[in-house]
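*Asks:* Structure: data-v2.cif, mmCIF, C-alpha atoms.
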data_final
loop_
_atom_site.label_atom_id
_atom_site.label_comp_id
_atom_site.auth_asym_id
_atom_site.auth_seq_id
_atom_site.Cartn_x
_atom_site.Cartn_y
_atom_site.Cartn_z
CA MET A 801 80.23 99.04 105.56
CA THR A 802 79.45 95.38 106.23
CA HIS A 803 82.50 93.37 107.13
CA ALA A 804 82.97 89.63 106.62
CA SER A 805 82.44 87.51 109.75
CA ALA A 806 85.25 85.12 110.62
CA ALA A 807 84.70 81.52 111.66
CA ASP A 808 86.51 80.56 114.84
CA THR A 809 88.73 78.20 112.85
CA ASP A 810 89.94 80.83 110.36
CA TRP A 811 93.63 81.63 110.75
CA VAL A 812 96.55 83.42 109.11
CA ARG A 813 100.23 82.63 109.71
CA HIS A 814 102.78 85.12 108.50
CA GLY A 815 106.08 83.97 107.07
CA ALA A 816 109.38 84.87 108.66
CA GLY A 817 110.66 88.36 107.90
CA GLN A 818 111.85 88.75 104.34
CA ASP A 819 113.25 91.82 102.60
CA GLY A 820 110.67 92.96 100.06
CA LEU A 821 108.71 89.70 100.04
CA ASP A 822 105.59 89.26 102.18
CA ARG A 823 104.56 85.59 102.54
CA LEU A 824 101.75 83.90 104.48
CA GLU A 825 99.60 80.79 104.84
CA ALA A 826 95.90 80.92 105.70
CA PHE A 827 92.75 78.84 106.12
CA PHE A 828 89.19 80.13 105.74
CA HIS A 829 85.62 78.91 105.91
CA GLY A 830 82.95 80.95 104.12
CA GLU A 831 83.77 84.56 103.25
CA ALA A 832 87.43 85.43 103.72
CA TYR A 833 87.78 88.95 102.30
CA THR A 834 85.39 91.61 101.08
CA PRO A 835 86.26 93.30 97.74
CA HIS A 836 89.62 95.07 97.83
CA ARG A 837 92.78 95.46 95.74
CA HIS A 838 96.55 95.46 96.27
CA ASP A 839 99.28 97.50 94.64
CA THR A 840 101.37 94.31 94.48
CA TYR A 841 101.14 91.03 92.65
CA ALA A 842 99.44 88.38 94.81
CA ILE A 843 100.76 84.97 93.73
CA GLY A 844 99.75 81.88 95.64
CA SER A 845 99.35 78.11 95.70
CA THR A 846 96.02 76.57 96.70
CA LEU A 847 96.85 73.70 99.07
CA SER A 848 93.39 72.23 99.75
CA GLY A 849 89.71 72.90 99.11
CA VAL A 850 88.30 75.32 96.58
CA GLN A 851 89.63 78.90 96.68
CA SER A 852 86.99 81.08 95.02
CA PHE A 853 87.07 84.78 94.22
CA THR A 854 85.54 87.37 91.91
CA TYR A 855 88.16 88.82 89.57
CA ARG A 856 87.67 90.99 86.49
CA SER A 857 83.87 90.61 86.83
CA SER A 858 83.93 86.79 86.79
CA LEU A 859 83.85 84.13 89.50
CA ARG A 860 87.10 82.11 89.57
CA HIS A 861 87.94 78.83 91.32
CA SER A 862 91.41 77.57 92.21
CA LEU A 863 91.86 73.92 93.22
CA ALA A 864 94.74 72.22 95.01
CA GLY A 865 97.86 72.52 92.85
CA HIS A 866 96.63 75.56 90.95
CA THR A 867 98.38 78.93 91.11
CA VAL A 868 96.49 82.15 91.80
CA VAL A 869 97.93 85.25 90.10
CA LEU A 870 96.27 88.58 90.85
CA HIS A 871 97.65 91.56 88.94
CA PRO A 872 98.29 94.82 90.83
CA ASP A 873 95.29 97.11 91.30
CA GLU A 874 92.71 94.52 90.19
CA PRO A 875 89.69 94.39 92.55
CA HIS A 876 88.90 90.95 94.00
CA ASP A 877 87.32 89.25 97.00
CA GLY A 878 87.82 85.80 98.51
CA HIS A 879 85.68 82.96 99.87
CA ALA A 880 85.54 79.19 100.24
CA GLY A 881 84.02 77.37 97.26
CA THR A 882 82.76 74.52 99.47
CA ASP A 883 81.77 74.00 103.11
CA ALA A 884 85.14 72.34 103.75
CA GLY A 885 86.97 75.66 103.51
CA PHE A 886 90.28 76.24 101.74
CA ARG A 887 93.96 76.56 102.64
CA TYR A 888 96.58 78.39 100.65
CA ARG A 889 100.01 79.99 100.72
CA ILE A 890 100.61 83.31 99.00
CA LEU A 891 103.32 85.88 98.43
CA TYR A 892 102.99 89.57 97.66
CA LEU A 893 105.54 90.86 95.18
CA ALA A 894 105.96 94.59 94.57
CA PRO A 895 105.98 95.55 90.86
CA ALA A 896 109.12 97.57 91.62
CA ARG A 897 110.97 94.35 92.49
CA LEU A 898 109.69 92.73 89.32
CA GLN A 899 110.79 95.73 87.25
CA GLU A 900 114.30 95.38 88.64
CA MET A 901 114.45 91.89 87.15
CA LEU A 902 112.55 92.55 83.92
CA GLY A 903 114.49 95.68 83.00
CA GLY A 904 111.66 98.15 82.53
CA VAL A 905 109.31 96.12 80.32
CA ALA A 906 105.53 96.02 80.66
CA LEU A 907 104.30 94.03 83.66
CA PRO A 908 103.18 90.48 82.71
CA PHE A 909 99.44 89.83 82.94
CA VAL A 910 98.21 86.25 83.48
CA PRO A 911 94.60 86.11 82.24
CA GLY A 912 91.86 84.68 84.42
CA GLY A 913 93.60 84.92 87.78
CA VAL A 914 94.18 81.14 87.98
CA SER A 915 96.96 79.25 86.20
CA THR A 916 97.76 75.56 85.72
CA ASP A 917 101.15 76.34 84.16
CA PRO A 918 103.63 73.92 85.80
CA ARG A 919 106.54 76.37 85.47
CA LEU A 920 104.66 79.01 87.43
CA ALA A 921 103.54 76.45 90.01
CA ARG A 922 107.13 75.28 90.61
CA ALA A 923 108.51 78.81 90.91
CA THR A 924 105.75 79.83 93.33
CA ARG A 925 106.06 76.73 95.52
CA ALA A 926 109.83 77.19 95.79
CA LEU A 927 109.41 80.63 97.35
CA LEU A 928 106.65 79.43 99.68
CA ALA A 929 108.09 76.07 100.73
CA GLN A 930 109.54 77.24 104.05
CA LEU A 931 107.66 80.00 105.85
CA ALA A 932 109.13 79.47 109.31
CA ALA A 933 112.53 80.88 108.35
CA PRO A 934 113.65 83.60 105.93
CA LEU A 935 115.09 82.50 102.61
CA ASP A 936 118.81 82.82 102.10
CA ALA A 937 119.45 86.08 100.23
CA LEU A 938 120.88 84.34 97.15
CA GLU A 939 118.13 81.72 97.25
CA GLN A 940 115.52 84.48 97.29
CA ASP A 941 117.11 86.31 94.36
CA ASP A 942 117.31 83.11 92.30
CA GLY A 943 113.72 82.24 93.19
CA LEU A 944 112.40 85.68 92.29
CA LEU A 945 114.12 85.64 88.90
CA GLU A 946 112.64 82.20 88.22
CA LEU A 947 109.22 83.51 89.22
CA ALA A 948 109.58 86.60 87.00
CA THR A 949 110.50 84.41 84.04
CA ALA A 950 107.62 82.02 84.75
CA LEU A 951 105.18 84.94 84.94
CA GLN A 952 106.28 86.15 81.52
CA LEU A 953 105.92 82.66 80.05
CA ALA A 954 102.52 82.09 81.65
CA ALA A 955 101.35 85.50 80.39
CA GLY A 956 102.15 84.34 76.85
CA SER A 957 103.01 87.79 75.60
CA THR A 958 106.17 89.22 74.07
CA PRO A 959 107.89 91.55 76.56
CA ARG A 960 107.56 95.16 75.40
CA PRO A 961 109.07 98.37 76.77
CA VAL A 962 107.15 100.45 79.28
CA ARG A 963 105.40 103.40 77.66
CA GLY A 964 106.61 106.30 79.75
CA ASP A 965 109.55 107.53 81.76
CA TYR A 966 110.63 104.73 84.12
CA ARG A 967 113.36 106.90 85.68
CA ALA A 968 110.81 109.59 86.61
CA ALA A 969 108.52 106.98 88.16
CA LEU A 970 111.44 105.59 90.17
CA VAL A 971 112.32 109.06 91.52
CA ALA A 972 108.70 109.57 92.61
CA ARG A 973 108.56 106.16 94.29
CA GLU A 974 111.75 106.75 96.25
CA LEU A 975 110.55 110.18 97.41
CA MET A 976 107.27 108.67 98.69
CA ASP A 977 109.13 105.87 100.47
CA ASP A 978 111.04 108.56 102.39
CA ARG A 979 107.93 110.59 103.27
CA LEU A 980 105.43 108.10 104.69
CA ASP A 981 104.61 110.27 107.70
CA SER A 982 104.10 113.58 105.89
CA VAL A 983 101.92 115.12 103.19
CA VAL A 984 103.08 114.48 99.61
CA THR A 985 101.50 116.17 96.58
CA LEU A 986 101.56 115.16 92.93
CA ASP A 987 103.07 118.56 92.07
CA GLU A 988 105.93 117.85 94.48
CA LEU A 989 106.55 114.44 92.91
CA ALA A 990 106.39 115.87 89.40
CA GLU A 991 108.89 118.62 90.22
CA ALA A 992 111.34 116.11 91.71
CA ALA A 993 110.96 113.80 88.71
CA GLY A 994 111.19 116.55 86.11
CA ARG A 995 107.81 115.73 84.56
CA ASP A 996 104.39 117.38 84.47
CA ARG A 997 101.94 115.92 86.98
CA TRP A 998 99.76 113.96 84.54
CA SER A 999 102.69 112.53 82.60
CA LEU A 1000 104.16 111.36 85.89
CA SER A 1001 100.87 109.69 86.85
CA ARG A 1002 100.94 107.76 83.57
CA ASP A 1003 104.64 106.93 84.02
CA PHE A 1004 104.01 105.57 87.50
CA ARG A 1005 101.05 103.38 86.57
CA ALA A 1006 102.85 101.97 83.52
CA SER A 1007 105.95 101.14 85.57
CA PHE A 1008 104.46 99.96 88.87
CA GLY A 1009 100.88 98.93 88.08
CA THR A 1010 99.15 101.46 90.33
CA SER A 1011 98.77 105.20 90.93
CA PRO A 1012 101.10 107.30 93.13
CA TYR A 1013 98.27 107.84 95.63
CA ARG A 1014 97.51 104.13 95.90
CA TYR A 1015 101.19 103.30 96.22
CA LEU A 1016 101.70 105.80 99.06
CA THR A 1017 98.55 104.67 100.88
CA LEU A 1018 99.59 101.01 100.76
CA ARG A 1019 103.11 101.78 102.00
CA ARG A 1020 101.57 103.68 104.92
CA LEU A 1021 99.30 100.72 105.63
CA ASP A 1022 102.32 98.40 105.55
CA LEU A 1023 103.95 100.57 108.21
CA ALA A 1024 100.74 100.60 110.26
CA ARG A 1025 100.54 96.80 110.13
CA ARG A 1026 104.10 96.46 111.40
CA LEU A 1027 103.29 98.80 114.28
CA MET A 1028 100.07 96.90 115.05
CA LEU A 1029 101.93 93.59 115.19
CA ALA A 1030 104.40 95.23 117.56
CA GLY A 1031 101.51 95.96 119.95
CA GLN A 1032 101.06 99.68 119.33
CA PRO A 1033 97.56 101.19 119.93
CA LEU A 1034 95.67 101.84 116.70
CA ALA A 1035 95.61 105.62 117.22
CA ASP A 1036 99.40 105.66 117.55
CA CYS A 1037 99.77 103.48 114.46
CA ALA A 1038 97.63 105.95 112.52
CA ALA A 1039 99.67 108.95 113.63
CA HIS A 1040 103.06 107.37 112.93
CA ALA A 1041 101.94 106.07 109.52
CA GLY A 1042 100.69 109.42 108.23
CA PHE A 1043 96.92 108.96 108.57
CA ALA A 1044 94.66 111.76 109.80
CA ASP A 1045 93.29 109.67 112.70
CA GLN A 1046 92.30 106.16 113.74
CA SER A 1047 89.07 106.22 111.71
CA HIS A 1048 90.98 107.23 108.58
CA LEU A 1049 93.37 104.31 109.07
CA THR A 1050 90.51 101.87 109.67
CA ARG A 1051 88.65 102.94 106.52
CA GLN A 1052 91.75 102.69 104.36
CA PHE A 1053 92.73 99.35 105.91
CA ALA A 1054 89.36 97.73 105.19
CA LYS A 1055 89.32 99.16 101.69
CA ALA A 1056 92.81 97.84 100.93
CA PHE A 1057 92.71 94.41 102.60
CA GLY A 1058 89.01 93.49 102.78
CA VAL A 1059 89.06 93.13 106.60
CA THR A 1060 89.16 95.52 109.55
CA PRO A 1061 92.37 95.99 111.56
CA ALA A 1062 90.77 94.13 114.50
CA ARG A 1063 89.87 91.10 112.39
CA TRP A 1064 93.26 91.08 110.70
CA LEU A 1065 94.97 91.00 114.10
CA ARG A 1066 92.66 88.24 115.36
CA MET A 1067 93.45 86.08 112.32
CA SER A 1068 97.12 86.71 113.09
CA GLY A 1069 96.60 85.47 116.65
CA ARG A 1070 96.67 88.93 118.26
CA ARG A 1071 94.27 91.64 119.40
CA LEU A 1072 94.26 95.42 119.56
CA PRO A 1073 95.70 96.48 122.93
CA GLY A 1074 93.50 97.83 125.67
CA ARG A 1075 90.05 96.85 124.37
CA THR A 1076 87.80 93.98 123.38
CA GLU A 1077 87.11 93.99 119.63
CA THR A 1078 83.88 92.67 118.15
CA THR A 1079 84.23 93.69 114.47
#
Would you write out, as structure tokens, the structure that this file holds?

*Replies:*
Amino acid sequence: MTHASAADTDWVRHGAGQDGLDRLEAFFHGEAYTPHRHDTYAIGSTLSGVQSFTYRSSLRHSLAGHTVVLHPDEPHDGHAGTDAGFRYRILYLAPARLQEMLGGVALPFVPGGVSTDPRLARATRALLAQLAAPLDALEQDDGLLELATALQLAAGSTPRPVRGDYRAALVARELMDDRLDSVVTLDELAEAAGRDRWSLSRDFRASFGTSPYRYLTLRRLDLARRLMLAGQPLADCAAHAGFADQSHLTRQFAKAFGVTPARWLRMSGRRLPGRTETT
């Protein structure tokens, strides 16, 4: 696999710890991310330059003041649209959090991946205004509800109920959250949820925008990233996060985030312990 090369001036700054809300600011020249996909919404504000990416088989461009909205499980890449590079702030919102606010309706889909809707821009900027400190709990809840409402309005569709068993999907999600370091099978999830395995798969995708396997893999990668930032060796991160070995973690990491663990740490101002990384 060919990985994107990072310019020396590329950087990523992570927002202060926030319960259920991952926020960051970044600057990139050239290619930022190879094709990958998230199991969360990625909602961001372009601050400067041209933020370009391939999304739903078309090349998109976001300018300063525009809002980027990537739906869960949609493949995309990322690169600078001009030689000047681009800077942006972005938040990653789990569909489960959105479902809590929307009450089990279908997830809103904003066509095109880039929006000029001022309501969505205001709601997004409010949650990204201060990255150095966590949001007050009530401030975060108010901001997330405003964002959920703005997403529905920007999507321009009438909210409709989820087709499937939301309760069964919720049971499966909670079981996986508790079993990140052990093997989980679809039969196990189906038995716990009281559904057959294929019905549960459909329930889960309808409710949370991704498959059970993808959801579990991304939660394990989230755990691995926390351990990496804490300075743990990559092999230990892999073992504690339920991956077969270091190579398995590295492959899944690059597939999910479009960069290798080493490059991700470098952009975050850190390096893998005990070795010099060149990829």

*Asks:* In Å to one decimal, how far is CA of Arg897 (chain A) from CA of Leu1000 (chain A)?

*Replies:*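 Atom-to-atom, CA of Leu1000 (chain A) and CA of Arg897 (chain A) are spaced 19.5 Å apart.
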
*Asks:* Neighbours of Leu927 (chain A) within 12 Å (only C-alpha atoms; same-chain residues fewer than 6 positions away dropped), as a PyMOL selection string?

*Replies:* chain A and resi 815+818+821-824+843-845+889-893+920-921+933-937+939-948

*Asks:* Distance CA of Gly830 (chain A)-CA of Gly849 (chain A), one decimal place?

*Replies:*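 Interatomic distance, CA of Gly830 (chain A) to CA of Gly849 (chain A): 11.6 Å.
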
*Asks:* For Leu931 (chain A), which residue among A:Cys1037, A:Ala816, A:Thr949, A:Met976 is the nearest when counting only C-alpha atoms?

*Replies:* A:Ala816

*Asks:* May I ask which of the residues A:Ala1041, A:Val869, A:Leu989, A:Val984 is the closest one to Phe909 (chain A), counting only C-alpha atoms?

*Replies:* A:Val869

*Asks:* Using Å and a single decimal, report how far CA of Ala954 (chain A) sits from CA of Asp917 (chain A).

*Replies:*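 Value for the CA of Asp917 (chain A)-CA of Ala954 (chain A) distance: 6.4 Å.
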
*Asks:* For the point (91.0, 106.5, 110.4) in file coordinates, what residues are within 12 Å, counting only C-alpha atoms? Give the answer as a list in words?

*Replies:*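 All residues meeting the 12 Å criterion around (91.0, 106.5, 110.4) are Leu1021, Ala1024, Leu1034, Ala1035, Asp1036, Cys1037, Ala1038, Ala1039, Ala1041, Gly1042, Phe1043, Ala1044, Asp1045, Gln1046, Ser1047, His1048, Leu1049, Thr1050, Arg1051, Gln1052, Phe1053, Ala1054, Lys1055, Thr1060 and Pro1061 of chain A.
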
*Asks:* For Thr834 (chain A), which residue out of A:Ala993, A:Ala923, A:Gly1058, A:Arg1063 is the nearest one, using only C-alpha atoms?

*Replies:*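 Comparing A:Ala993, A:Ala923, A:Gly1058, A:Arg1063 against Thr834 (chain A), the winner is A:Gly1058.
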
*Asks:* With distances taken over only C-alpha atoms, which residue among A:Val971, A:Met901, A:Val868, A:Leu863 lies nearest Phe886 (chain A)?

*Replies:*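 Of the candidates, the smallest distance to Phe886 (chain A) is held by A:Leu863.
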
*Asks:* Assuming the chain letters and numbering stay as they are in my file, what does the PyMOL selection byres ((chain A and resi 995) around 12) actually select? List them as a PyMOL selection string.

*Replies:* chain A and resi 964-969+971-972+986-994+996-1004

*Asks:* So, counting only C-alpha atoms, which residue among A:Ala826, A:Ala894, A:Ala950, A:Leu1027 is closest to Tyr1015 (chain A)?

*Replies:* A:Ala894

*Asks:* Which is closer to Ala1006 (chain A) than all the others in A:Leu970, A:Val914, A:Val850, A:Leu938, using only C-alpha atoms?

*Replies:* A:Leu970

*Asks:* If you apply the PyMOL selection byres ((chain A and resi 876) around 7) to this file, what residues do you get, as a list of chain:residue names?

*Replies:* A:Pro835, A:His836, A:Arg837, A:Phe853, A:Thr854, A:Tyr855, A:Glu874, A:Pro875, A:Asp877, A:Gly878

*Asks:* Those selected residues, please, written with C-alpha atoms and delivered as a tab-separated table (two decimals), in the coordinates of the input.

*Replies:*
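result_34.tsv was written with the following content:
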chain	number	residue	atom	x	y	z
A	835	PRO	CA	86.26	93.30	97.74
A	836	HIS	CA	89.62	95.07	97.83
A	837	ARG	CA	92.78	95.46	95.74
A	853	PHE	CA	87.07	84.78	94.22
A	854	THR	CA	85.54	87.37	91.91
A	855	TYR	CA	88.16	88.82	89.57
A	874	GLU	CA	92.71	94.52	90.19
A	875	PRO	CA	89.69	94.39	92.55
A	877	ASP	CA	87.32	89.25	97.00
A	878	GLY	CA	87.82	85.80	98.51
